[in-house]
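Just data.tsv here, TSV, C-alpha atoms and all ligand atoms:
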chain	number	residue	atom	x	y	z
A	175	MET	CA	16.33	4.61	11.57
A	176	ARG	CA	18.81	2.68	9.47
A	177	VAL	CA	17.71	-0.92	9.35
A	178	ASP	CA	20.44	-3.49	8.96
A	179	TYR	CA	19.27	-5.46	5.97
A	180	LYS	CA	22.13	-7.89	6.19
A	181	GLU	CA	20.03	-9.33	9.03
A	182	ASP	CA	17.13	-9.64	6.64
A	183	ALA	CA	16.04	-13.26	6.22
A	184	ASP	CA	16.66	-14.73	2.78
A	185	LEU	CA	13.70	-14.44	0.46
A	186	ASP	CA	12.77	-17.92	-0.72
A	187	VAL	CA	10.23	-19.53	-3.05
A	188	ALA	CA	8.42	-20.73	0.10
A	189	ASN	CA	7.69	-17.12	1.11
A	190	LEU	CA	5.49	-16.81	-1.95
A	191	ARG	CA	3.22	-19.71	-1.13
A	192	ASP	CA	0.32	-17.31	-0.60
A	193	GLY	CA	1.03	-15.39	-3.81
A	194	TRP	CA	2.77	-12.14	-4.59
A	195	LEU	CA	0.56	-9.71	-2.70
A	196	PRO	CA	1.45	-10.38	0.98
A	197	VAL	CA	5.19	-10.08	0.28
A	198	ALA	CA	4.73	-7.00	-1.95
A	199	GLN	CA	2.72	-5.31	0.82
A	200	GLN	CA	5.29	-6.31	3.46
A	201	TRP	CA	8.10	-4.86	1.35
A	202	LEU	CA	6.23	-1.58	0.78
A	203	ALA	CA	5.57	-1.39	4.54
A	204	ALA	CA	9.29	-2.02	5.19
A	205	ALA	CA	10.23	0.79	2.76
A	206	ILE	CA	7.86	3.16	4.59
A	207	GLU	CA	9.21	2.06	7.98
A	208	ALA	CA	12.80	2.57	6.82
A	209	ARG	CA	11.80	6.14	5.84
A	210	ILE	CA	13.31	5.97	2.42
A	211	PRO	CA	12.18	8.98	0.34
A	212	GLU	CA	8.93	8.48	-1.61
A	213	PRO	CA	8.56	4.77	-0.73
A	214	ASN	CA	5.54	4.44	-3.05
A	215	ALA	CA	7.41	5.90	-6.05
A	216	MET	CA	7.75	3.48	-8.95
A	217	VAL	CA	9.34	3.77	-12.37
A	218	LEU	CA	6.72	3.17	-15.03
A	219	ALA	CA	7.78	1.92	-18.45
A	220	THR	CA	5.51	2.13	-21.47
A	221	VAL	CA	6.15	1.78	-25.19
A	222	ASP	CA	5.46	4.42	-27.82
A	223	ALA	CA	3.91	3.97	-31.26
A	224	ASP	CA	7.30	2.89	-32.66
A	225	GLY	CA	7.72	0.21	-29.99
A	226	ARG	CA	10.35	2.25	-28.17
A	227	PRO	CA	10.33	2.28	-24.37
A	228	ALA	CA	9.75	5.40	-22.27
A	229	SER	CA	10.03	5.59	-18.49
A	230	ARG	CA	9.14	8.02	-15.74
A	231	THR	CA	8.31	7.96	-12.02
A	232	VAL	CA	4.73	7.83	-10.74
A	233	LEU	CA	3.27	7.24	-7.29
A	234	CYS	CA	1.57	3.97	-6.42
A	235	LYS	CA	-1.87	4.80	-5.01
A	236	GLY	CA	-3.19	1.27	-4.70
A	237	LEU	CA	-1.69	-2.17	-4.25
A	238	ASP	CA	-4.16	-5.01	-3.89
A	239	ALA	CA	-5.16	-8.34	-5.44
A	240	ARG	CA	-6.34	-6.55	-8.59
A	241	GLY	CA	-2.96	-4.92	-9.14
A	242	VAL	CA	-1.13	-1.61	-8.91
A	243	VAL	CA	-2.86	1.75	-9.39
A	244	PHE	CA	-1.48	5.17	-10.29
A	245	TYR	CA	-3.13	8.41	-11.38
A	246	THR	CA	-2.24	10.66	-14.26
A	247	ASN	CA	-3.39	12.69	-17.24
A	248	TYR	CA	-4.87	10.31	-19.84
A	249	ASP	CA	-3.68	12.60	-22.67
A	250	SER	CA	-0.07	12.64	-21.42
A	251	ASP	CA	2.60	10.72	-23.31
A	252	LYS	CA	2.20	7.74	-20.95
A	253	GLY	CA	-1.58	7.89	-21.35
A	254	THR	CA	-1.24	7.92	-25.13
A	255	HIS	CA	1.20	5.00	-25.01
A	256	LEU	CA	-1.09	2.97	-22.77
A	257	ARG	CA	-4.14	3.63	-24.91
A	258	ARG	CA	-2.26	2.16	-27.86
A	259	THR	CA	-0.33	-0.56	-26.04
A	260	PRO	CA	-2.11	-1.36	-22.76
A	261	TYR	CA	0.85	-3.13	-21.19
A	262	ALA	CA	3.34	-1.71	-18.68
A	263	SER	CA	6.17	-2.50	-16.34
A	264	VAL	CA	6.67	-0.78	-12.99
A	265	THR	CA	9.71	-1.03	-10.74
A	266	PHE	CA	9.86	0.08	-7.12
A	267	PRO	CA	13.58	0.89	-6.64
A	268	TRP	CA	13.88	0.42	-2.88
A	269	ILE	CA	17.64	0.80	-2.96
A	270	GLY	CA	17.88	2.00	0.66
A	271	ILE	CA	16.65	-1.40	1.86
A	272	GLU	CA	18.34	-3.38	-0.93
A	273	ARG	CA	15.13	-4.54	-2.50
A	274	GLN	CA	13.39	-4.09	-5.80
A	275	LEU	CA	9.93	-5.11	-6.96
A	276	THR	CA	8.96	-5.25	-10.63
A	277	ILE	CA	5.43	-5.86	-11.82
A	278	ARG	CA	4.49	-6.28	-15.49
A	279	GLY	CA	1.06	-6.72	-16.92
A	280	THR	CA	-1.93	-5.48	-18.82
A	281	VAL	CA	-3.29	-2.04	-18.09
A	282	SER	CA	-6.85	-0.79	-17.78
A	283	THR	CA	-8.42	2.40	-16.49
A	284	VAL	CA	-9.85	2.44	-12.96
A	285	SER	CA	-13.55	3.16	-12.48
A	286	THR	CA	-14.69	6.79	-12.62
A	287	GLU	CA	-15.98	6.33	-9.03
A	288	ALA	CA	-12.53	5.29	-7.76
A	289	THR	CA	-10.91	8.17	-9.65
A	290	ALA	CA	-13.44	10.63	-8.20
A	291	ALA	CA	-12.84	9.35	-4.66
A	292	TYR	CA	-9.07	9.67	-5.03
A	293	PHE	CA	-9.28	13.10	-6.72
A	294	ALA	CA	-11.50	14.38	-3.89
A	295	SER	CA	-8.84	13.32	-1.36
A	296	ARG	CA	-6.14	15.43	-3.02
A	297	PRO	CA	-5.23	18.96	-1.85
A	298	ARG	CA	-7.12	21.70	-3.71
A	299	GLY	CA	-3.84	22.98	-5.21
A	300	SER	CA	-3.16	19.59	-6.80
A	301	GLN	CA	-6.74	19.42	-8.11
A	302	LEU	CA	-6.37	22.84	-9.75
A	303	GLY	CA	-2.94	21.89	-11.08
A	304	ALA	CA	-4.46	18.87	-12.83
A	305	TRP	CA	-6.77	21.28	-14.71
A	306	ALA	CA	-4.03	23.81	-15.44
A	307	SER	CA	-1.46	21.41	-16.89
A	308	GLN	CA	-1.84	19.81	-20.30
A	309	GLN	CA	0.70	17.23	-19.17
A	310	SER	CA	3.49	16.38	-21.64
A	311	ARG	CA	2.64	19.23	-24.04
A	312	PRO	CA	5.19	22.04	-24.60
A	313	VAL	CA	4.64	25.38	-22.84
A	314	ALA	CA	6.28	28.67	-23.78
A	315	SER	CA	7.19	29.73	-20.24
A	316	ARG	CA	6.64	29.12	-16.54
A	317	GLU	CA	4.51	32.32	-16.52
A	318	GLU	CA	2.09	30.74	-18.96
A	319	LEU	CA	1.64	27.79	-16.60
A	320	GLU	CA	1.11	30.11	-13.65
A	321	GLN	CA	-1.48	32.05	-15.66
A	322	ALA	CA	-3.29	28.80	-16.42
A	323	LEU	CA	-3.40	28.03	-12.70
A	324	VAL	CA	-4.78	31.51	-11.90
A	325	LYS	CA	-7.46	30.98	-14.55
A	326	MET	CA	-8.50	27.63	-13.10
A	327	THR	CA	-8.46	29.01	-9.55
A	328	GLU	CA	-10.91	31.71	-10.67
A	329	ARG	CA	-13.02	29.28	-12.68
A	330	PHE	CA	-13.66	26.98	-9.72
A	331	ASP	CA	-13.81	29.71	-7.05
A	332	GLY	CA	-16.32	28.82	-4.34
A	333	GLN	CA	-17.02	25.32	-5.63
A	334	ASP	CA	-15.58	21.82	-5.44
A	335	VAL	CA	-13.05	21.12	-8.18
A	336	PRO	CA	-14.43	18.36	-10.45
A	337	VAL	CA	-12.22	15.64	-11.94
A	338	PRO	CA	-10.78	16.83	-15.28
A	339	PRO	CA	-12.27	14.75	-18.11
A	340	ASN	CA	-8.81	13.57	-19.21
A	341	TRP	CA	-7.51	12.63	-15.77
A	342	GLY	CA	-7.75	9.37	-13.81
A	343	GLY	CA	-6.27	6.11	-12.69
A	344	PHE	CA	-4.65	3.22	-14.48
A	345	ARG	CA	-4.39	-0.27	-13.01
A	346	ILE	CA	-1.68	-2.76	-13.96
A	347	GLU	CA	-2.96	-6.29	-13.53
A	348	PRO	CA	0.12	-8.41	-12.72
A	349	GLU	CA	1.22	-11.01	-15.21
A	350	THR	CA	4.72	-11.38	-13.77
A	351	VAL	CA	6.00	-10.16	-10.42
A	352	GLU	CA	9.68	-10.24	-9.57
A	353	PHE	CA	11.19	-9.74	-6.13
A	354	TRP	CA	14.87	-8.85	-5.90
A	355	GLN	CA	16.78	-8.83	-2.62
A	356	GLY	CA	20.41	-7.75	-2.32
A	357	ARG	CA	22.74	-10.34	-0.80
A	358	THR	CA	26.46	-10.57	-0.23
A	359	SER	CA	28.92	-11.49	-3.01
A	360	ARG	CA	26.32	-10.37	-5.55
A	361	LEU	CA	24.46	-13.64	-5.09
A	362	HIS	CA	21.24	-11.71	-4.85
A	363	ASN	CA	17.88	-13.37	-4.48
A	364	ARG	CA	15.49	-13.11	-7.41
A	365	ILE	CA	12.14	-14.82	-7.35
A	366	ARG	CA	9.65	-14.45	-10.16
A	367	LEU	CA	5.99	-15.39	-10.15
A	368	THR	CA	4.14	-15.88	-13.41
A	369	ILE	CA	0.52	-15.38	-12.47
A	370	PRO	CA	-1.34	-17.09	-15.37
A	371	THR	CA	0.61	-20.36	-14.87
A	372	GLN	CA	1.13	-19.98	-11.10
A	373	GLN	CA	4.82	-20.65	-11.70
A	374	VAL	CA	7.31	-19.53	-9.05
A	375	GLU	CA	10.96	-19.57	-10.10
A	376	ARG	CA	14.28	-18.55	-8.64
A	377	LEU	CA	16.36	-16.65	-11.19
A	378	GLN	CA	20.11	-16.23	-11.37
A	379	PRO	CA	21.17	-12.78	-10.22
B	401	LIG	C1	8.61	11.22	-7.20
B	401	LIG	C2	7.76	11.52	-8.41
B	401	LIG	C3	6.42	11.16	-8.41
B	401	LIG	C4	5.60	11.41	-9.52
B	401	LIG	N1	4.32	10.99	-9.49
B	401	LIG	C5	3.54	11.16	-10.59
B	401	LIG	C6	2.21	10.61	-10.62
B	401	LIG	O1	1.75	9.94	-9.70
B	401	LIG	N2	1.48	10.85	-11.74
B	401	LIG	C7	1.95	11.56	-12.81
B	401	LIG	O2	1.22	11.74	-13.78
B	401	LIG	N3	3.21	12.06	-12.81
B	401	LIG	C8	4.01	11.88	-11.73
B	401	LIG	N4	5.31	12.35	-11.72
B	401	LIG	C9	5.79	13.05	-12.93
B	401	LIG	C10	6.18	12.02	-14.00
B	401	LIG	O3	7.44	11.43	-13.67
B	401	LIG	C11	6.24	12.60	-15.43
B	401	LIG	O4	7.13	13.69	-15.49
B	401	LIG	C12	4.88	13.05	-15.93
B	401	LIG	O5	3.85	12.17	-15.53
B	401	LIG	C13	4.87	13.13	-17.46
B	401	LIG	O6	5.21	11.88	-18.01
B	401	LIG	P1	4.92	11.51	-19.55
B	401	LIG	O7	5.18	12.76	-20.35
B	401	LIG	O8	5.86	10.39	-19.86
B	401	LIG	O9	3.48	11.08	-19.65
B	401	LIG	C14	6.14	12.09	-10.64
B	401	LIG	C15	7.50	12.45	-10.65
B	401	LIG	C16	8.30	12.16	-9.56
B	401	LIG	C17	9.75	12.52	-9.60

Take the structure from the file and write it as structure tokens.
Amino acid sequence: MRVDYKEDADLDVANLRDGWLPVAQQWLAAAIEARIPEPNAMVLATVDADGRPASRTVLCKGLDARGVVFYTNYDSDKGTHLRRTPYASVTFPWIGIERQLTIRGTVSTVSTEATAAYFASRPRGSQLGAWASQQSRPVASREELEQALVKMTERFDGQDVPVPPNWGGFRIEPETVEFWQGRTSRLHNRIRLTIPTQQVERLQP
């Protein structure tokens, strides 16, 4: 299922006439269709209390007009960073199809209802894991983690696993969205939308 992306039509400013969302959704669909591993994986950058960047991969669990959603532990390093500096950048590195999408913007938490609905859709093992892991904190050994999972499995035996109080979704509301498309001779296409001013610009590669 290798798609020949040299045949891919050139991305142009005109493609973004209807805004960033239709093209972003088309590109995600193309990544899924091309069967690249974890097509909804995105690299999330936050800044710590000293203004230093930190990055890690998370999974995109929502992409609509309101922005990009991912789920995590609110007390993790990223959660702590976002509480202090509610601004983030995410990059989908769709290298297998020679495309990249970067979205930057302000971050807010998703509603408890949306978090509950997503949490309920997860496998029970993942739900218990969310309770067992104090994400980003040190742990003495793998055994200690496994013990924590056993404890949570017993605690919620015979009942639905509730959402941990420190777990949920974040939404990045786009301020800038940049589409990158690989082209020959390194003359790649880069188009950036600045949402507040509705500006659409082609950038040098
Ligand atoms: C493919 C992939 C997907 C991941 N998805 C998530 C995710 O959706 N949410 C999450 O909290 N961590 C996810 N992780 C783990 C994070 O990269 C990271 O290790 C963890 O969230 C702790 O980050 P922090 O200490 O910077 O907060 C994923 C890792 C990989 C490799």

Practice item. Return as a ChimeraX atom specification the residues of protein, DNA or RNA that approach ligand LIG 401 (chain B) to within 6 Å, with only C-alpha atoms and all ligand atoms taken into account. Key: /A:215,230-233,244-247,250-252,310

Practice item. Compile the contact shell of region 292-295 of chain A as number ranges by chain: residues with an atom at most 10 Å away, counting all atoms listed in the file, same-chain residues fewer than 6 positions apart removed. Key: A: 235, 245, 286, 301, 304, 334-338, 341-343

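Among A:Arg273, A:Gly193, A:Asn340, A:Gly299, the residue with the shortest atom-to-atom distance to Gly253 (chain A), counting only C-alpha atoms, is A:Asn340.
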
Review point. Could you state the separation of CA of Arg376 (chain A) and CA of Ala239 (chain A) in Å, given to one decimal place?
Key: 22.2 Å

Point to revise | Protein and nucleic acid residues near (6.2, 5.0, -20.9) (cut-off 8 Å, only C-alpha atoms) as a PyMOL selection string | key: chain A and resi 218-222+227-230+251-252+255-256+262

Practice item. Have a look at A:Ala204, A:Leu302, A:Ile269, A:Leu195 and name the one nearest to Thr350 (chain A); count all atoms listed in the file. Key: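 Between A:Ala204, A:Leu302, A:Ile269, A:Leu195, the residue approaching Thr350 (chain A) most closely is A:Leu195.
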
Practice item. Identify which of the residues A:Glu318, A:Lys325, A:Asp249, A:Arg345 lies closest to Ala288 (chain A), counting all atoms listed in the file when measuring atom-to-atom distances. Key: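 Between A:Glu318, A:Lys325, A:Asp249, A:Arg345, the residue approaching Ala288 (chain A) most closely is A:Arg345.
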
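Going from CA of Ile365 (chain A) over to CA of Leu377 (chain A), you cover 6.0 Å.
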
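The space separating CA of Ser359 (chain A) from CA of Phe266 (chain A) comes to 22.7 Å.
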
Exercise for review: Might you pull out every residue within 10 Å of Asp184 (chain A), with only C-alpha atoms counted and same-chain residues fewer than 4 positions away left off, and present them as a list in words?
Suggested key: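 The filter keeps Lys180, Asn189, Gln355, Gly356, Arg357, His362 and Asn363 of chain A.
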
Have region 326-338 of chain A completed to N, CA and C atoms, please, and pass it along as a compact mmCIF listing (two decimals), keeping the file's coordinate frame.
# COMPACT_ATOMS: atom_id res chain seq x y z
N MET A 326 -7.74 28.75 -13.66
CA MET A 326 -8.50 27.63 -13.10
C MET A 326 -8.95 27.92 -11.66
N THR A 327 -8.09 28.64 -10.92
CA THR A 327 -8.46 29.01 -9.55
C THR A 327 -9.70 29.89 -9.57
N GLU A 328 -9.74 30.83 -10.54
CA GLU A 328 -10.91 31.71 -10.67
C GLU A 328 -12.13 30.93 -11.14
N ARG A 329 -11.90 30.04 -12.10
CA ARG A 329 -13.02 29.28 -12.68
C ARG A 329 -13.78 28.46 -11.64
N PHE A 330 -13.01 27.86 -10.70
CA PHE A 330 -13.66 26.98 -9.72
C PHE A 330 -13.82 27.64 -8.36
N ASP A 331 -13.70 28.98 -8.31
CA ASP A 331 -13.81 29.71 -7.05
C ASP A 331 -15.16 29.39 -6.38
N GLY A 332 -15.09 29.04 -5.11
CA GLY A 332 -16.32 28.82 -4.34
C GLY A 332 -17.01 27.49 -4.62
N GLN A 333 -16.40 26.63 -5.38
CA GLN A 333 -17.02 25.32 -5.63
C GLN A 333 -15.98 24.21 -5.55
N ASP A 334 -16.49 22.97 -5.42
CA ASP A 334 -15.58 21.82 -5.44
C ASP A 334 -14.98 21.70 -6.84
N VAL A 335 -13.71 21.29 -6.88
CA VAL A 335 -13.05 21.12 -8.18
C VAL A 335 -13.43 19.74 -8.73
N PRO A 336 -14.07 19.68 -9.90
CA PRO A 336 -14.43 18.36 -10.45
C PRO A 336 -13.20 17.66 -11.04
N VAL A 337 -13.32 16.38 -11.31
CA VAL A 337 -12.22 15.64 -11.94
C VAL A 337 -12.10 16.09 -13.40
N PRO A 338 -10.92 16.49 -13.86
CA PRO A 338 -10.78 16.83 -15.28
C PRO A 338 -11.17 15.63 -16.15
